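*Asks:* Have a peek at input-v1.txt (compact mmCIF, N, CA and C atoms).
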```txt
# COMPACT_ATOMS: atom_id res chain seq x y z
N MET P 1 -126.60 -49.76 23.12
CA MET P 1 -126.37 -48.95 21.94
C MET P 1 -125.84 -49.89 20.85
N ASN P 2 -126.52 -49.90 19.70
CA ASN P 2 -126.06 -50.77 18.62
C ASN P 2 -124.86 -50.14 17.90
N ALA P 3 -124.33 -50.84 16.91
CA ALA P 3 -123.10 -50.40 16.25
C ALA P 3 -123.29 -49.08 15.50
N ASP P 4 -124.43 -48.91 14.82
CA ASP P 4 -124.67 -47.66 14.09
C ASP P 4 -124.79 -46.46 15.02
N GLU P 5 -125.53 -46.64 16.12
CA GLU P 5 -125.67 -45.55 17.09
C GLU P 5 -124.34 -45.21 17.73
N PHE P 6 -123.55 -46.25 18.06
CA PHE P 6 -122.24 -46.00 18.66
C PHE P 6 -121.32 -45.25 17.70
N GLU P 7 -121.34 -45.62 16.42
CA GLU P 7 -120.50 -44.94 15.44
C GLU P 7 -120.92 -43.48 15.29
N ARG P 8 -122.22 -43.21 15.21
CA ARG P 8 -122.71 -41.83 15.11
C ARG P 8 -122.33 -41.04 16.35
N TRP P 9 -122.47 -41.66 17.52
CA TRP P 9 -122.16 -40.98 18.78
C TRP P 9 -120.66 -40.71 18.89
N SER P 10 -119.83 -41.68 18.52
CA SER P 10 -118.38 -41.51 18.68
C SER P 10 -117.80 -40.57 17.63
N CYS P 11 -118.46 -40.40 16.49
CA CYS P 11 -117.96 -39.51 15.45
C CYS P 11 -118.50 -38.09 15.57
N SER P 12 -119.35 -37.87 16.54
CA SER P 12 -119.90 -36.52 16.73
C SER P 12 -119.09 -35.80 17.80
N PRO P 13 -119.09 -34.47 17.75
CA PRO P 13 -118.26 -33.71 18.70
C PRO P 13 -118.93 -33.48 20.05
N TYR P 14 -119.62 -34.47 20.58
CA TYR P 14 -120.21 -34.34 21.90
C TYR P 14 -119.09 -34.41 22.94
N VAL P 15 -119.23 -33.65 23.99
CA VAL P 15 -118.21 -33.62 25.03
C VAL P 15 -118.05 -35.00 25.66
N SER P 16 -119.17 -35.69 25.87
CA SER P 16 -119.09 -37.01 26.49
C SER P 16 -118.41 -38.03 25.59
N SER P 17 -118.61 -37.93 24.27
CA SER P 17 -117.95 -38.87 23.37
C SER P 17 -116.46 -38.59 23.29
N ILE P 18 -116.07 -37.33 23.39
CA ILE P 18 -114.64 -36.99 23.39
C ILE P 18 -113.99 -37.51 24.68
N ALA P 19 -114.68 -37.33 25.80
CA ALA P 19 -114.16 -37.84 27.07
C ALA P 19 -114.03 -39.36 27.02
N TYR P 20 -115.01 -40.04 26.44
CA TYR P 20 -114.95 -41.50 26.32
C TYR P 20 -113.77 -41.91 25.44
N SER P 21 -113.55 -41.20 24.35
CA SER P 21 -112.43 -41.53 23.46
C SER P 21 -111.09 -41.35 24.17
N ILE P 22 -110.97 -40.27 24.95
CA ILE P 22 -109.73 -40.05 25.70
C ILE P 22 -109.52 -41.17 26.72
N GLN P 23 -110.59 -41.56 27.38
CA GLN P 23 -110.48 -42.63 28.37
C GLN P 23 -110.11 -43.96 27.71
N GLN P 24 -110.55 -44.20 26.49
CA GLN P 24 -110.19 -45.43 25.78
C GLN P 24 -108.71 -45.42 25.38
N VAL P 25 -108.20 -44.24 25.00
CA VAL P 25 -106.80 -44.14 24.57
C VAL P 25 -105.87 -44.21 25.78
N LEU P 26 -106.26 -43.58 26.88
CA LEU P 26 -105.46 -43.57 28.10
C LEU P 26 -106.21 -44.34 29.18
N PRO P 27 -106.03 -45.67 29.23
CA PRO P 27 -106.87 -46.52 30.10
C PRO P 27 -106.81 -46.18 31.59
N GLY P 28 -105.69 -45.74 32.13
CA GLY P 28 -105.59 -45.47 33.56
C GLY P 28 -106.03 -44.08 33.96
N SER P 29 -106.48 -43.32 33.01
CA SER P 29 -106.82 -41.91 33.30
C SER P 29 -108.24 -41.78 33.84
N ASP P 30 -108.44 -40.70 34.57
CA ASP P 30 -109.76 -40.37 35.09
C ASP P 30 -110.27 -39.17 34.31
N VAL P 31 -111.18 -39.40 33.40
CA VAL P 31 -111.68 -38.35 32.52
C VAL P 31 -113.08 -37.97 32.97
N ARG P 32 -113.26 -36.68 33.25
CA ARG P 32 -114.58 -36.17 33.65
C ARG P 32 -114.93 -34.96 32.81
N VAL P 33 -116.17 -34.82 32.52
CA VAL P 33 -116.66 -33.67 31.76
C VAL P 33 -117.08 -32.60 32.75
N ILE P 34 -116.56 -31.39 32.55
CA ILE P 34 -116.97 -30.27 33.38
C ILE P 34 -118.02 -29.51 32.58
N HIS P 35 -119.27 -29.74 32.93
CA HIS P 35 -120.39 -29.24 32.13
C HIS P 35 -120.49 -27.72 32.13
N ARG P 36 -120.11 -27.07 33.24
CA ARG P 36 -120.19 -25.61 33.26
C ARG P 36 -119.28 -24.99 32.23
N ILE P 37 -118.08 -25.53 32.09
CA ILE P 37 -117.13 -25.00 31.10
C ILE P 37 -117.62 -25.31 29.69
N ALA P 38 -118.10 -26.52 29.48
CA ALA P 38 -118.59 -26.90 28.16
C ALA P 38 -119.78 -26.03 27.76
N ASP P 39 -120.68 -25.76 28.70
CA ASP P 39 -121.84 -24.92 28.40
C ASP P 39 -121.42 -23.48 28.12
N SER P 40 -120.44 -22.99 28.86
CA SER P 40 -119.95 -21.63 28.63
C SER P 40 -119.31 -21.50 27.24
N GLU P 41 -118.55 -22.51 26.83
CA GLU P 41 -117.96 -22.50 25.50
C GLU P 41 -119.04 -22.52 24.43
N GLY P 42 -120.09 -23.28 24.67
CA GLY P 42 -121.20 -23.32 23.73
C GLY P 42 -121.88 -21.97 23.60
N GLN P 43 -122.05 -21.27 24.71
CA GLN P 43 -122.66 -19.94 24.66
C GLN P 43 -121.77 -18.95 23.92
N ILE P 44 -120.47 -19.05 24.15
CA ILE P 44 -119.54 -18.16 23.45
C ILE P 44 -119.59 -18.41 21.95
N LEU P 45 -119.61 -19.68 21.56
CA LEU P 45 -119.67 -20.00 20.14
C LEU P 45 -120.97 -19.52 19.51
N THR P 46 -122.06 -19.59 20.25
CA THR P 46 -123.34 -19.09 19.74
C THR P 46 -123.29 -17.59 19.54
N ARG P 47 -122.69 -16.88 20.47
CA ARG P 47 -122.56 -15.42 20.34
C ARG P 47 -121.65 -15.04 19.18
N VAL P 48 -120.57 -15.77 19.01
CA VAL P 48 -119.66 -15.50 17.89
C VAL P 48 -120.36 -15.76 16.56
N ARG P 49 -121.13 -16.83 16.49
CA ARG P 49 -121.86 -17.14 15.27
C ARG P 49 -122.88 -16.05 14.96
N SER P 50 -123.57 -15.56 15.98
CA SER P 50 -124.53 -14.46 15.79
C SER P 50 -123.83 -13.19 15.31
N LEU P 51 -122.68 -12.90 15.90
CA LEU P 51 -121.92 -11.72 15.50
C LEU P 51 -121.46 -11.83 14.04
N LEU P 52 -121.02 -13.00 13.64
CA LEU P 52 -120.59 -13.19 12.25
C LEU P 52 -121.77 -13.03 11.29
N TRP P 53 -122.96 -13.50 11.65
CA TRP P 53 -124.13 -13.29 10.80
C TRP P 53 -124.45 -11.81 10.69
N LEU P 54 -124.32 -11.09 11.80
CA LEU P 54 -124.58 -9.65 11.79
C LEU P 54 -123.60 -8.92 10.88
N VAL P 55 -122.32 -9.28 10.95
CA VAL P 55 -121.31 -8.67 10.09
C VAL P 55 -121.58 -9.00 8.63
N THR P 56 -121.99 -10.24 8.36
CA THR P 56 -122.31 -10.64 6.99
C THR P 56 -123.47 -9.83 6.44
N LEU P 57 -124.51 -9.66 7.23
CA LEU P 57 -125.66 -8.87 6.79
C LEU P 57 -125.29 -7.41 6.57
N ALA P 58 -124.44 -6.86 7.44
CA ALA P 58 -123.99 -5.48 7.27
C ALA P 58 -123.17 -5.33 5.99
N ALA P 59 -122.33 -6.31 5.68
CA ALA P 59 -121.54 -6.26 4.45
C ALA P 59 -122.43 -6.35 3.22
N LEU P 60 -123.45 -7.20 3.26
CA LEU P 60 -124.37 -7.30 2.13
C LEU P 60 -125.16 -6.01 1.94
N LEU P 61 -125.57 -5.38 3.04
CA LEU P 61 -126.27 -4.11 2.95
C LEU P 61 -125.37 -3.03 2.37
N ALA P 62 -124.12 -2.98 2.81
CA ALA P 62 -123.18 -2.00 2.28
C ALA P 62 -122.93 -2.23 0.79
N ALA P 63 -122.83 -3.48 0.37
CA ALA P 63 -122.63 -3.78 -1.04
C ALA P 63 -123.84 -3.37 -1.86
N ALA P 64 -125.04 -3.61 -1.33
CA ALA P 64 -126.26 -3.22 -2.05
C ALA P 64 -126.34 -1.70 -2.17
N LEU P 65 -126.00 -0.99 -1.12
CA LEU P 65 -126.00 0.48 -1.18
C LEU P 65 -124.96 0.99 -2.17
N ALA P 66 -123.81 0.37 -2.23
CA ALA P 66 -122.77 0.78 -3.17
C ALA P 66 -123.22 0.57 -4.62
N VAL P 67 -123.84 -0.58 -4.88
CA VAL P 67 -124.34 -0.84 -6.24
C VAL P 67 -125.44 0.15 -6.59
N GLY P 68 -126.33 0.43 -5.65
CA GLY P 68 -127.41 1.38 -5.89
C GLY P 68 -126.87 2.78 -6.14
N ALA P 69 -125.88 3.20 -5.36
CA ALA P 69 -125.30 4.53 -5.56
C ALA P 69 -124.58 4.62 -6.89
N SER P 70 -123.89 3.58 -7.27
CA SER P 70 -123.20 3.57 -8.56
C SER P 70 -124.20 3.62 -9.72
N SER P 71 -125.27 2.88 -9.61
CA SER P 71 -126.30 2.90 -10.65
C SER P 71 -126.97 4.27 -10.72
N ALA P 72 -127.27 4.87 -9.59
CA ALA P 72 -127.89 6.19 -9.57
C ALA P 72 -126.95 7.24 -10.17
N ALA P 73 -125.67 7.16 -9.86
CA ALA P 73 -124.71 8.10 -10.42
C ALA P 73 -124.62 7.94 -11.94
N SER P 74 -124.67 6.73 -12.41
CA SER P 74 -124.63 6.49 -13.85
C SER P 74 -125.87 7.05 -14.54
N VAL P 75 -127.03 6.87 -13.93
CA VAL P 75 -128.27 7.37 -14.50
C VAL P 75 -128.27 8.90 -14.50
N ILE P 76 -127.83 9.51 -13.42
CA ILE P 76 -127.78 10.98 -13.35
C ILE P 76 -126.79 11.53 -14.37
N GLU P 77 -125.70 10.84 -14.56
CA GLU P 77 -124.68 11.28 -15.53
C GLU P 77 -125.22 11.22 -16.95
N ARG P 78 -126.06 10.25 -17.25
CA ARG P 78 -126.57 10.08 -18.60
C ARG P 78 -127.99 10.63 -18.75
N ARG P 79 -128.45 11.44 -17.84
CA ARG P 79 -129.80 11.97 -17.87
C ARG P 79 -130.04 12.78 -19.14
N SER P 80 -129.03 13.53 -19.55
CA SER P 80 -129.21 14.34 -20.76
C SER P 80 -129.39 13.47 -22.00
N GLU P 81 -128.75 12.32 -22.05
CA GLU P 81 -128.94 11.40 -23.18
C GLU P 81 -130.34 10.79 -23.18
N LEU P 82 -130.86 10.51 -21.99
CA LEU P 82 -132.17 9.88 -21.88
C LEU P 82 -133.29 10.88 -22.19
N ALA P 83 -133.09 12.15 -21.89
CA ALA P 83 -134.13 13.15 -22.06
C ALA P 83 -134.28 13.58 -23.52
N SER P 84 -133.28 13.38 -24.33
CA SER P 84 -133.32 13.84 -25.73
C SER P 84 -134.26 13.04 -26.58
```
Starting from the coordinates I provided, produce the structure as structure tokens.
*Replies:*
Amino acid sequence: MNADEFERWSCSPYVSSIAYSIQQVLPGSDVRVIHRIADSEGQILTRVRSLLWLVTLAALLAAALAVGASSAASVIERRSELAS
């Protein structure tokens, strides 16, 4: 691995790069990656991200409905002015 690849790898939040960094800081330690836990955390984060997108879309829909209802109420209120 050349210097650029190593820098990109060590600056990224990969589990293996974090384990390597811990092992470099604590030389006598035995650092192992538990892939099942790391994969489970990744799945949880994916579900949370999906849930946040869903909430965002629901909020945008509610805002659009509120603007539409407000505009419709304004038009209905001024209908007599428009008809004259």
*Asks:* For a quick check of understanding, using only C-alpha atoms, which of P:Gly28, P:Val33, P:Met1, P:Ser74 has the smallest distance to P:Val15?
*Replies:*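 Nearest candidate to P:Val15 out of P:Gly28, P:Val33, P:Met1, P:Ser74: P:Val33.
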*Asks:* Please compute the atom C of P:Ile37-atom C of P:Tyr14 distance, one decimal, in Å.
*Replies:*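 Between atom C of P:Ile37 and atom C of P:Tyr14 the gap is 11.4 Å.
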*Asks:* Give the helix (DSSP H, G or I) residues of chain P, as DSSP finds them on the backbone, and put them as a VMD selection string.
*Replies:* chain P and resid 3 to 10 15 to 25 35 to 77 79 to 83
*Asks:* Contacts between stretch 58-73 of chain P and stretch 2-54 of chain P, please, where a residue of stretch 2-54 of chain P counts if it comes within 8 Å (with all atoms listed in the file); show its shortest atom pair and distance in Å to one decimal, rows by chain and ascending number, as CSV.
*Replies:*
```
residue,atom,partner,partner_atom,distance
P:Leu52,C,P:Ala58,N,7.7
P:Trp53,C,P:Ala58,N,5.9
P:Leu54,C,P:Ala58,N,4.1
```
*Asks:* Please, what distance in Å, to one decimal, runs between atom N of P:Arg47 and atom C of P:Ser21?
*Replies:*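 That distance, rounded to one decimal, is 27.3 Å.
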*Asks:* May I ask for the distance between atom CA of P:Glu41 and atom CA of P:Glu5, given in Å to one decimal place?
*Replies:*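 If I compute the distance from atom CA of P:Glu41 to atom CA of P:Glu5, I get 25.7 Å.
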